[in-house]
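Down below is the structure, laid out as C-alpha cells.
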Amino acid sequence: MRASSTDLPVLLPYRSPAGIAPSGLAAPILLGGATLACFAILFGASLALAQVTARPAGESAAAVLMRWAPLIFQGFLFNILISFLSMALGTVVGVLVGIAQVSVVAPVRGAAWGLTQFFRNAPWLVLLFYAMFLLPFEFSVFGLTIAFPAWIKAIIGLALPVAANVSEIVRGGIRSIPSGQWESAESLAFTRRQTMWMIILPQAFKRMIPPWMNLYAILTMATTLISVVGIQDGLTITRAALVAESRPELMIPMYLLLLLMFFAYCYPIARATLSLERRFNVKA
Amino acid sequence: MIAAYFERLNETQGLNFSVFYDAFDRGRFLTGLWTTSYICVVAIAASLALGLLGVWLAGSRSRLARLLVRGYVQFFRNTPPLVQLSFFYFAVATLLPTVSDGFGGRSPLVSGTGWAIIAFSLFAGAFNVEIFRAGIEAVPSTTVEAAESLGYTRLQLYIHVVIPLAFRICLPALNNNLINLVKTTTLAYAIGVPELLYAASQIWSESFNVREMMNVLLITYVLLVAILVFVMGRWEKAMRIPGYST
Amino acid sequence: MASRHQLGEPVVIVEGVEKAFGALKVLKDVALTVRRGETVCIIGPSGSGKSTLLRCINALVPISRGSISVAGREVNDPALDKLALRRDVGIVFQQYNLFPHKNALQNVMMAPLHVLKQDKAEVEARARMLLAKVGLSDKLATYPGELSGGQQQRVAIARSLAMNPKVMLFDEVTAALDPETKKEVLVTIQDLAAEGMTCILVTHEMGFAREVADHVYFTDGGVIVEHGPPGDLFGTPREERTRAFLDKVL
C-alpha cells in the first residue's frame with residue numbers, strides 16, 4: 001500500500017532519544033547531581049557498613065579503598081585510552097564504509113552493506129574474541145618480528161563493531177540530506193565525488209555527531225570487555241584488589257567505586273549528546 | 001551426510017568443524033544455544049515489564065517515584081553492563097543467604113544464569129523506559145485532548161489511544177534495543193554461565209579448532225540476530241499505520 | 001447569510017473568566033453568551049487566548065476565576081460530571097485530530113462504543129449516516145494518514161457529532177488546510193449551523209464569519225474588545241483595536 005502523505009499530518013514525527021530528557025524536572029544539572037548524590041550516598045553507606053563489619057584487627061575499609069583507588073583509577077584510564085584509540089580507528093574505517101554504502105556502483109554498495117550488517121549484528125565480545133584469537137601474536141615484516149601486543153588486538157577487535165555502527169550513522173546522515181541538495185549540485189555540474197565531499201558531507205556531519213557521541217559512550221562502557229580476554233583494565237584491577245584483600249564487605253564499595261568512575265565519565269557525554277541533538281534538531 | 005562431509009573436510013583440509021560431526025561437541029553447542037535463547041527470552045520479557053513499570057512510575061504524582069525511576073535509568077544507562085553484572089554476581093550475591101543443595105553443601109540462592117537474567121533485564125529495562133517515554137510523548141497532545149473531549153477517562157485514553165499509538169511509534173527503537181539485548185547476553189560468559197560463547201570456548205580449548213569455532217559462533221549469532229530482526233520486522237509491518245511514514 | 005431560524009435560550013454562559021498559566025494571564029475577565037442555535041465566531045490575533053477559551057468551555061483547561069455554564073452545568077464546579085459535559089460539547093481541533101491507528105468509520109464509532117457503551121449495530125449505523133452527511137461515505141475504511149486534511153477534519157466533525165452534542169466548538173479547524181480543502185470543511189460547518197446546531201468557531205476565516213455567524217467576538221490580549229453582529233463589527237467597528245486588526249487581515 002502506498003504510504004500517502006496528507007496535507008494534514010496525523011502523527012508527530014518520532015525522534016528516538018539519544019540521552020535522557022528530564023521532562024518535568026527543573027534543572028538537568030540537578031538531575032545528574034541527584035543521581036551522583038544517590039551514588040555517593042550508596043557508596044558512602046556501603047563503605048560505612050564495611051567499616052562497621054570490618055575485622056577489628058584489620059585496616060579500616062575506607063583506608064583500604066583509598067589505597068586501592070588510585071590503581072583502579074589507572075585501570076579506568078586505560079579503559080579510556082582504549083576507547084579513544086578504538087573509536088578513532090573505527091571512525092576512520094566506518095566513514096569509508098559508510099560512504100561506500102551509498103555508492104552508485106552496486107557491488108561496492110552491496111559489499112559495504114553486507115559488511116555493515118554482519119559486524120553490527122555480531123556481539124561485541126565475540127568479535128573481540130575473534131580478533132584476539134585470530135590475529136597473529138607476532139608478525140614479521142622485512143625480516144623483523146614484531147610482537148603484536150594483546151591490547152592492540154583488543155583495539156582492533158573493538159574497532160570492528162564501531163566501524164559498522166559508524167558506517168550506519170554515516171549512511172543515515174547522508175540519506176537525511178534532502179534530495180534537493182543533490183539535484184542542485186548536479187545541475188551546477190558538480191561530480192558525484194565533489195558533491196559528496198563539498199556539499200553533502202559537511203551538512204551531514206553535524207547530524208552525525210549526536211549518534212556518534214552516543215556510540216562513543218557505548219564503546220567506553222564496552223571497553224570493560226577486554227578484562228574477559230585477559231587484558232588488565234579497571235575491572236581486572238578491581239577484582240584483583242578484592243581477591244587480595246579478601247574482605248567480602250569491601251565488594252560492594254569497590255564495585256561502586258568503579259561504577260562511579262564510569263558514570264562520572266559517561267553521564268556528561270550523554271547530556272552533551274542530548275543538548276547537541278536538541279540544537280541540531282536531529283532525528284538521532 | 002553432513003557429518004560425513006565435515007569429517008572428510010577435517011581429514012583432508014584440516015578444517016575441524018567438530019560441532020557438525022561430533023555428537024558430544026554438538027550437544028554442548030546446542031545446550032549453549034539453548035541457554036542463550038532462554039536467557040534472551042526471559043530477559044526480553046522482564047525488561048519489557050520493567051520498562052512499562054518505569055514509565056508508569058515516571059508519570060506518577062509522587063516526586064520520589066519519579067526520581068527513583070530517573071536514578072535507575074541513569075545508573076544503568078551510563079555504566080558498563082559487564083561491571084553491573086560483576087557487581088550483581090560477585091558483590092550482591094555474597095550478601096544473600098545460601099540454601100542447602102541437598103548434597104550436604106550450600107549453593108547460592110540465585111544461580112549465575114539467574115544473575116545474568118536479572119542484570120540484563122535491569123540493563124535493557126532502563127533503555128526501554130526511555131523508549132516508551134519517548135513514544136508516549138510522541139503522541140500529539142491534540143489527539144489526547146480530542147479523546148478526552150470525547151469523554152474518555154484517563155485510563156480509557158491510555159488503553160485505547162495513547163498506548164496503541166506510542167507502541168507503534170517506538171517499535172523500531174524497541175526492536176533495536178531487544179537486538180542489543182541478545183548481543184549483550186554474551187557477557188554471561190564472564191561469570192561462567194554455560195551459554196553459547198562458553199560452550200564454544202570449551203569446544204575449541206579441547207579440540208584446538210579455534211578458527212573454525214569462531215566462525216561458526218559468529219555466524220550462529222548473526223543468524224540468531226537475523227531471526228529476531230526478521231520476526232520484529234514482520235511484527236512492525238503488521239502494526240503499521242496505513243498512511244503514516246516517518 | 002446568518003442563520004435565520006429562531007435562537008433559543010442561552011446555552012453557553014461565560015462570565016468574568018480569568019485564566020493564568022503561572023504568571024502569564026491568558027484570559028482576563030472574559031464574558032460571552034451563546035444562545036441555542038446561534039453561530040458565534042471568535043476572531044483576533046494569535047495569542048489572544050481564543051483557543052484557551054474554547055478549551056475552558058469543555059473543561060480541558062480549568063479556569064482560575066469566574067464561571068462557565070454549559071447547558072445548565074457549571075463547568076468550574078469541582079463535582080462536575082465531565083462525561084455528561086462532554087456529551088453536550090463537541091470540539092474539533094486544528095490538527096492531529098483523529099486516531100491514526102483506526103480507520104474513518106472506527107474513529108467515528110469509538111467514543112459511543114467505549115464511552116457511552118452503546119449497542120454496536122446502532123453505533124455503526126449512526127456512524128455511517130454521519131459520514132455520509134459529511135460527504136465521506138466512500139472513505140469508511142480509509143485511515144487518517146490516507147485522507148486529505150479537509151477529509152480528516154470532516155471525519156473529526158462526524159466523530160464529534162456521534163456523541164449528539166448540544167454545542168460544537170471549532171478551534172481554527174481550517175488554519176492548517178490549503179485553500180481548496182478549506183472550502184469543503186467550511187461548507188460542512190455551514191450546513192451544520194443551518195440545521196440549528198449551536199456553534200462556536202475560533203477562526204481566521206473572515207469571509208465565513210461575515211456570512212455565517214450570528215454574532216462575532218473580537219478578542220485581543222485576553223479580553224473581549226468588541227462584539228456584535230458581523231455586519232456591525234466588520235462594517236463599522238467601534239474600537240480602534242478592532243479597526244487596526246481588521247485593516248491588517250482584510
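Starting from 1 in every chain, residues are counted up; chains themselves are A, B, ... following the order of the C-alpha cells, and ligands are numbered from 1 as listed.
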* To do: Just the residues within 6 Å of region 70-84 of chain A, please, counting only C-alpha atoms, with nothing from its chain fewer than 6 positions along; format it as an NGL selection string.
  => :A and (220 or 223 or 233-234 or 237)
Produce a file of the selected residues containing N, CA, C and O atoms, as a compact mmCIF listing (two decimals), in the first residue's frame.
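Below is the file selection.txt, written as the result:
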```txt
# COMPACT_ATOMS: atom_id res chain seq x y z
N THR A 220 32.89 3.14 25.28
CA THR A 220 33.61 3.30 26.54
C THR A 220 33.18 2.24 27.53
O THR A 220 33.99 1.62 28.21
N THR A 223 34.56 -1.20 26.73
CA THR A 223 35.99 -1.49 26.89
C THR A 223 36.23 -2.43 28.06
O THR A 223 37.25 -3.10 28.13
N ASP A 233 42.54 -4.21 32.98
CA ASP A 233 41.87 -2.91 32.88
C ASP A 233 41.25 -2.59 34.24
O ASP A 233 41.53 -3.28 35.22
N GLY A 234 40.43 -1.62 34.31
CA GLY A 234 39.85 -1.20 35.58
C GLY A 234 39.14 -2.35 36.30
O GLY A 234 39.25 -2.51 37.51
N ILE A 237 41.55 -4.98 37.72
CA ILE A 237 42.24 -4.46 38.90
C ILE A 237 41.29 -4.47 40.10
O ILE A 237 41.67 -4.83 41.22
```
With a cut-off of 8 Å and counting only C-alpha atoms, select all residues of chain B in contact with chain A and give the selection as a compact mmCIF listing (two decimals) with N, CA and C atoms, in the first residue's frame.
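Result went into part_19.txt, see below:
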```txt
# COMPACT_ATOMS: atom_id res chain seq x y z
N GLY B 71 16.76 7.91 38.48
CA GLY B 71 18.03 7.42 39.01
C GLY B 71 18.36 6.04 38.45
N GLN B 74 19.35 6.40 34.73
CA GLN B 74 20.68 6.99 34.59
C GLN B 74 21.76 6.00 34.94
N PHE B 75 21.56 5.29 36.06
CA PHE B 75 22.59 4.38 36.52
C PHE B 75 22.86 3.29 35.50
N ASN B 78 24.47 4.52 32.02
CA ASN B 78 25.77 5.17 31.96
C ASN B 78 26.87 4.39 32.66
N THR B 79 26.63 3.12 32.93
CA THR B 79 27.68 2.30 33.50
C THR B 79 27.81 1.03 32.67
N PRO B 80 29.02 0.43 32.64
CA PRO B 80 29.24 -0.72 31.76
C PRO B 80 28.43 -1.94 32.22
N PRO B 81 27.75 -2.60 31.30
CA PRO B 81 26.95 -3.77 31.68
C PRO B 81 27.78 -4.88 32.30
N LEU B 82 29.04 -5.00 31.88
CA LEU B 82 29.85 -6.06 32.45
C LEU B 82 30.14 -5.79 33.92
N VAL B 83 30.40 -4.52 34.24
CA VAL B 83 30.64 -4.18 35.64
C VAL B 83 29.36 -4.36 36.45
N GLN B 84 28.22 -4.00 35.83
CA GLN B 84 26.94 -4.22 36.51
C GLN B 84 26.77 -5.70 36.83
N PHE B 87 29.06 -6.75 39.50
CA PHE B 87 28.55 -6.21 40.76
C PHE B 87 27.49 -7.13 41.34
N PHE B 90 29.15 -10.95 41.90
CA PHE B 90 30.20 -11.11 42.90
C PHE B 90 29.87 -10.39 44.20
N ALA B 91 29.35 -9.18 44.08
CA ALA B 91 29.17 -8.38 45.29
C ALA B 91 27.82 -8.64 45.95
N VAL B 92 26.74 -8.44 45.19
CA VAL B 92 25.42 -8.57 45.80
C VAL B 92 25.14 -10.00 46.22
N THR B 94 27.00 -12.22 47.44
CA THR B 94 27.58 -12.63 48.72
C THR B 94 26.71 -12.20 49.89
N GLU B 130 13.12 4.71 28.67
CA GLU B 130 13.29 5.88 27.82
C GLU B 130 12.56 5.76 26.50
N ILE B 131 12.64 4.58 25.91
CA ILE B 131 12.00 4.37 24.62
C ILE B 131 10.48 4.52 24.75
N ALA B 134 9.53 8.20 25.31
CA ALA B 134 9.59 8.99 24.08
C ALA B 134 8.41 8.66 23.19
N GLY B 135 8.01 7.40 23.16
CA GLY B 135 6.87 7.01 22.35
C GLY B 135 5.60 7.67 22.83
N ALA B 138 5.47 11.22 21.96
CA ALA B 138 5.29 11.48 20.54
C ALA B 138 3.83 11.46 20.12
N VAL B 139 2.95 11.02 21.01
CA VAL B 139 1.53 11.09 20.69
C VAL B 139 1.11 12.55 20.82
N PRO B 140 0.57 13.15 19.76
CA PRO B 140 0.30 14.59 19.81
C PRO B 140 -0.70 14.94 20.91
N ILE B 169 4.77 3.73 17.46
CA ILE B 169 5.79 4.74 17.19
C ILE B 169 7.15 4.26 17.64
N CYS B 170 7.22 3.64 18.82
CA CYS B 170 8.53 3.31 19.36
C CYS B 170 8.99 1.91 18.99
N ALA B 173 12.68 1.52 17.63
CA ALA B 173 13.70 1.70 18.67
C ALA B 173 13.68 0.52 19.63
N LYS B 183 22.66 -9.50 21.90
CA LYS B 183 24.12 -9.44 21.79
C LYS B 183 24.78 -9.33 23.16
N THR B 184 24.10 -8.67 24.10
CA THR B 184 24.69 -8.47 25.42
C THR B 184 24.76 -9.77 26.22
N THR B 186 26.14 -12.36 25.66
CA THR B 186 27.45 -13.00 25.63
C THR B 186 28.26 -12.66 26.87
N LEU B 187 27.91 -11.54 27.53
CA LEU B 187 28.65 -11.15 28.73
C LEU B 187 28.55 -12.20 29.83
N ALA B 190 31.45 -14.21 31.21
CA ALA B 190 32.40 -13.75 32.22
C ALA B 190 32.09 -14.30 33.59
N LEU B 197 28.73 -18.80 23.94
CA LEU B 197 30.14 -18.45 23.82
C LEU B 197 30.99 -19.36 24.70
N VAL B 210 40.09 -23.37 17.08
CA VAL B 210 39.63 -22.03 17.41
C VAL B 210 39.05 -21.32 16.21
N ARG B 211 39.79 -21.35 15.11
CA ARG B 211 39.37 -20.58 13.94
C ARG B 211 38.00 -21.03 13.45
N MET B 214 35.25 -20.18 15.97
CA MET B 214 34.98 -18.74 15.95
C MET B 214 34.01 -18.41 14.83
N LEU B 217 30.61 -19.72 15.54
CA LEU B 217 29.99 -18.88 16.57
C LEU B 217 29.47 -17.58 15.99
N LEU B 218 30.34 -16.93 15.23
CA LEU B 218 29.98 -15.65 14.64
C LEU B 218 28.74 -15.79 13.78
N TYR B 221 25.53 -16.40 15.83
CA TYR B 221 24.98 -15.20 16.43
C TYR B 221 24.34 -14.30 15.39
N VAL B 222 25.03 -14.15 14.26
CA VAL B 222 24.46 -13.30 13.21
C VAL B 222 23.11 -13.87 12.78
N VAL B 225 20.47 -13.16 15.54
CA VAL B 225 20.02 -11.77 15.46
C VAL B 225 19.17 -11.57 14.23
N ALA B 226 19.58 -12.20 13.11
CA ALA B 226 18.82 -12.03 11.88
C ALA B 226 17.40 -12.57 12.05
N PRO B 242 -1.54 2.62 8.28
CA PRO B 242 -1.55 3.00 6.86
C PRO B 242 -1.51 4.51 6.69
N GLY B 243 -0.64 4.96 5.83
CA GLY B 243 -0.60 6.38 5.54
C GLY B 243 0.37 7.15 6.41
N TYR B 244 0.90 6.53 7.43
CA TYR B 244 1.83 7.25 8.28
C TYR B 244 3.23 6.78 8.00
N SER B 245 4.11 7.68 7.57
CA SER B 245 5.51 7.29 7.38
C SER B 245 6.37 8.34 8.05
N THR B 246 7.44 7.85 8.69
CA THR B 246 8.29 8.78 9.42
C THR B 246 8.96 9.72 8.43
```
Rows by chain and residue number, chain B within 8 Å of chain C, shortest pair, only C-alpha atoms, as a tab-separated table:
```
residue	atom	partner	partner_atom	distance
B:Pro140	CA	C:Tyr96	CA	6.5
B:Thr142	CA	C:Tyr96	CA	5.8
B:Thr143	CA	C:Asn97	CA	5.3
B:Glu145	CA	C:Leu60	CA	7.3
B:Ala146	CA	C:Asn97	CA	6.2
B:Glu148	CA	C:Leu60	CA	7.7
B:Ser149	CA	C:Arg86	CA	5.8
B:Leu150	CA	C:Arg86	CA	6.0
B:Gly151	CA	C:Leu83	CA	5.0
B:Tyr152	CA	C:Val115	CA	6.0
B:Val161	CA	C:Phe99	CA	7.0
B:Pro164	CA	C:His101	CA	7.7
B:Leu165	CA	C:His101	CA	6.9
B:Ile241	CA	C:His101	CA	5.5
B:Pro242	CA	C:Tyr143	CA	6.2
B:Gly243	CA	C:Gly145	CA	3.9
B:Tyr244	CA	C:Gly145	CA	5.3
```
Take the residues from that selection and write them out as an mmCIF file, in the first residue's frame, keeping N, CA, C and O atoms.
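Result went into selection-v8.cif, see below:
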```cif
data_model
loop_
_atom_site.group_PDB
_atom_site.id
_atom_site.type_symbol
_atom_site.label_atom_id
_atom_site.label_comp_id
_atom_site.auth_asym_id
_atom_site.auth_seq_id
_atom_site.Cartn_x
_atom_site.Cartn_y
_atom_site.Cartn_z
ATOM 1 N N PRO B 140 0.573 13.152 19.764
ATOM 2 C CA PRO B 140 0.302 14.590 19.810
ATOM 3 C C PRO B 140 -0.701 14.939 20.909
ATOM 4 O O PRO B 140 -1.615 14.171 21.186
ATOM 5 N N THR B 142 -3.021 17.158 20.903
ATOM 6 C CA THR B 142 -4.413 17.340 20.479
ATOM 7 C C THR B 142 -5.115 16.013 20.311
ATOM 8 O O THR B 142 -6.325 15.929 20.518
ATOM 9 N N THR B 143 -4.399 14.977 19.920
ATOM 10 C CA THR B 143 -5.041 13.670 19.831
ATOM 11 C C THR B 143 -5.531 13.254 21.214
ATOM 12 O O THR B 143 -6.640 12.737 21.364
ATOM 13 N N GLU B 145 -6.174 15.329 23.671
ATOM 14 C CA GLU B 145 -7.265 16.250 24.027
ATOM 15 C C GLU B 145 -8.548 15.851 23.324
ATOM 16 O O GLU B 145 -9.639 15.939 23.901
ATOM 17 N N ALA B 146 -8.423 15.438 22.070
ATOM 18 C CA ALA B 146 -9.620 15.023 21.328
ATOM 19 C C ALA B 146 -10.270 13.837 22.017
ATOM 20 O O ALA B 146 -11.490 13.790 22.180
ATOM 21 N N GLU B 148 -9.962 13.020 25.162
ATOM 22 C CA GLU B 148 -10.518 13.493 26.430
ATOM 23 C C GLU B 148 -11.852 14.185 26.202
ATOM 24 O O GLU B 148 -12.806 14.007 26.959
ATOM 25 N N SER B 149 -11.911 14.994 25.121
ATOM 26 C CA SER B 149 -13.138 15.731 24.838
ATOM 27 C C SER B 149 -14.278 14.811 24.449
ATOM 28 O O SER B 149 -15.441 15.186 24.542
ATOM 29 N N LEU B 150 -13.938 13.618 23.973
ATOM 30 C CA LEU B 150 -14.996 12.679 23.627
ATOM 31 C C LEU B 150 -15.504 11.957 24.860
ATOM 32 O O LEU B 150 -16.399 11.121 24.775
ATOM 33 N N GLY B 151 -14.910 12.252 26.024
ATOM 34 C CA GLY B 151 -15.419 11.654 27.240
ATOM 35 C C GLY B 151 -14.582 10.509 27.774
ATOM 36 O O GLY B 151 -14.947 9.895 28.770
ATOM 37 N N TYR B 152 -13.452 10.188 27.131
ATOM 38 C CA TYR B 152 -12.617 9.104 27.634
ATOM 39 C C TYR B 152 -12.031 9.475 28.986
ATOM 40 O O TYR B 152 -11.561 10.581 29.188
ATOM 41 N N VAL B 161 -6.012 4.822 23.124
ATOM 42 C CA VAL B 161 -5.390 5.787 22.215
ATOM 43 C C VAL B 161 -3.875 5.882 22.410
ATOM 44 O O VAL B 161 -3.109 5.646 21.485
ATOM 45 N N PRO B 164 -1.656 2.246 22.174
ATOM 46 C CA PRO B 164 -1.536 1.702 20.815
ATOM 47 C C PRO B 164 -0.665 2.573 19.908
ATOM 48 O O PRO B 164 0.132 2.065 19.127
ATOM 49 N N LEU B 165 -0.832 3.893 20.046
ATOM 50 C CA LEU B 165 -0.043 4.779 19.187
ATOM 51 C C LEU B 165 1.419 4.803 19.614
ATOM 52 O O LEU B 165 2.317 4.698 18.781
ATOM 53 N N ILE B 241 0.694 1.679 10.656
ATOM 54 C CA ILE B 241 -0.479 2.531 10.471
ATOM 55 C C ILE B 241 -0.499 2.986 9.023
ATOM 56 O O ILE B 241 0.428 3.665 8.583
ATOM 57 N N PRO B 242 -1.539 2.622 8.277
ATOM 58 C CA PRO B 242 -1.550 3.000 6.858
ATOM 59 C C PRO B 242 -1.514 4.510 6.690
ATOM 60 O O PRO B 242 -2.247 5.240 7.349
ATOM 61 N N GLY B 243 -0.644 4.960 5.831
ATOM 62 C CA GLY B 243 -0.598 6.384 5.544
ATOM 63 C C GLY B 243 0.374 7.154 6.408
ATOM 64 O O GLY B 243 0.649 8.313 6.155
ATOM 65 N N TYR B 244 0.902 6.529 7.426
ATOM 66 C CA TYR B 244 1.835 7.251 8.282
ATOM 67 C C TYR B 244 3.235 6.779 7.998
ATOM 68 O O TYR B 244 3.532 5.611 8.129
#
```
* Name the residues of region 21-235 of chain B that come out as strand (DSSP E or B) in a backbone DSSP run; write them as a count of residues only. => 6
* What is the CA of Val134 (chain C)-CA of Gln190 (chain C) distance in Å, reported with one decimal? -> 11.3 Å
* DSSP alpha helix (DSSP H) residues within region 5-125 of chain B, listed as an MDAnalysis selection string -> chainID B and resid 5:13 18:21 23:58 63:77 81:86 93:95 112:125
* Which is closer to chain A than all the others in C:Leu140, C:Ala127, C:Ile13, C:Ala176, using only C-alpha atoms? ->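 Closest candidate: C:Ala176.
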* Nearest to chain A among C:Ala20, C:Leu113, C:Val173, C:Leu233, with distances taken over only C-alpha atoms: which residue is it? ->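 Smallest distance to chain A is found for C:Val173.
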* Asked: Mind pulling up the distance from CA of Ile118 (chain B) to CA of Ala188 (chain B)?
  ->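 Here the two named atoms are 11.2 Å from each other.
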Compile the contact shell of Ser60 (chain A) as a PDB file with C-alpha atoms, in the first residue's frame: residues with an atom at most 6 Å away, counting only C-alpha atoms, same-chain residues fewer than 2 positions apart removed.
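Final output, around.pdb:
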```
ATOM      1  CA  GLN A  51      33.751  -0.141  58.206  1.00  0.00           C
ATOM      2  CA  ALA A  62      37.884   3.434  53.877  1.00  0.00           C
ATOM      3  CA  ALA A  63      41.659   3.259  54.175  1.00  0.00           C
TER       4      ALA A  63
END
```
* Atomic distance CA of Ala71 (chain C) - CA of His160 (chain B), expressed in Å with one decimal ->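 One can read the CA of Ala71 (chain C) to CA of His160 (chain B) distance as 28.7 Å.
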* Structure fact -> For Val182 (chain B), the closest of B:Phe132, B:Gly112, B:Leu33, B:Gly54 counting only C-alpha atoms is B:Leu33
* For chain A, the nearest of the candidates C:Ala244, C:Leu192, C:Leu201, C:Leu177, counting only C-alpha atoms -> C:Leu177
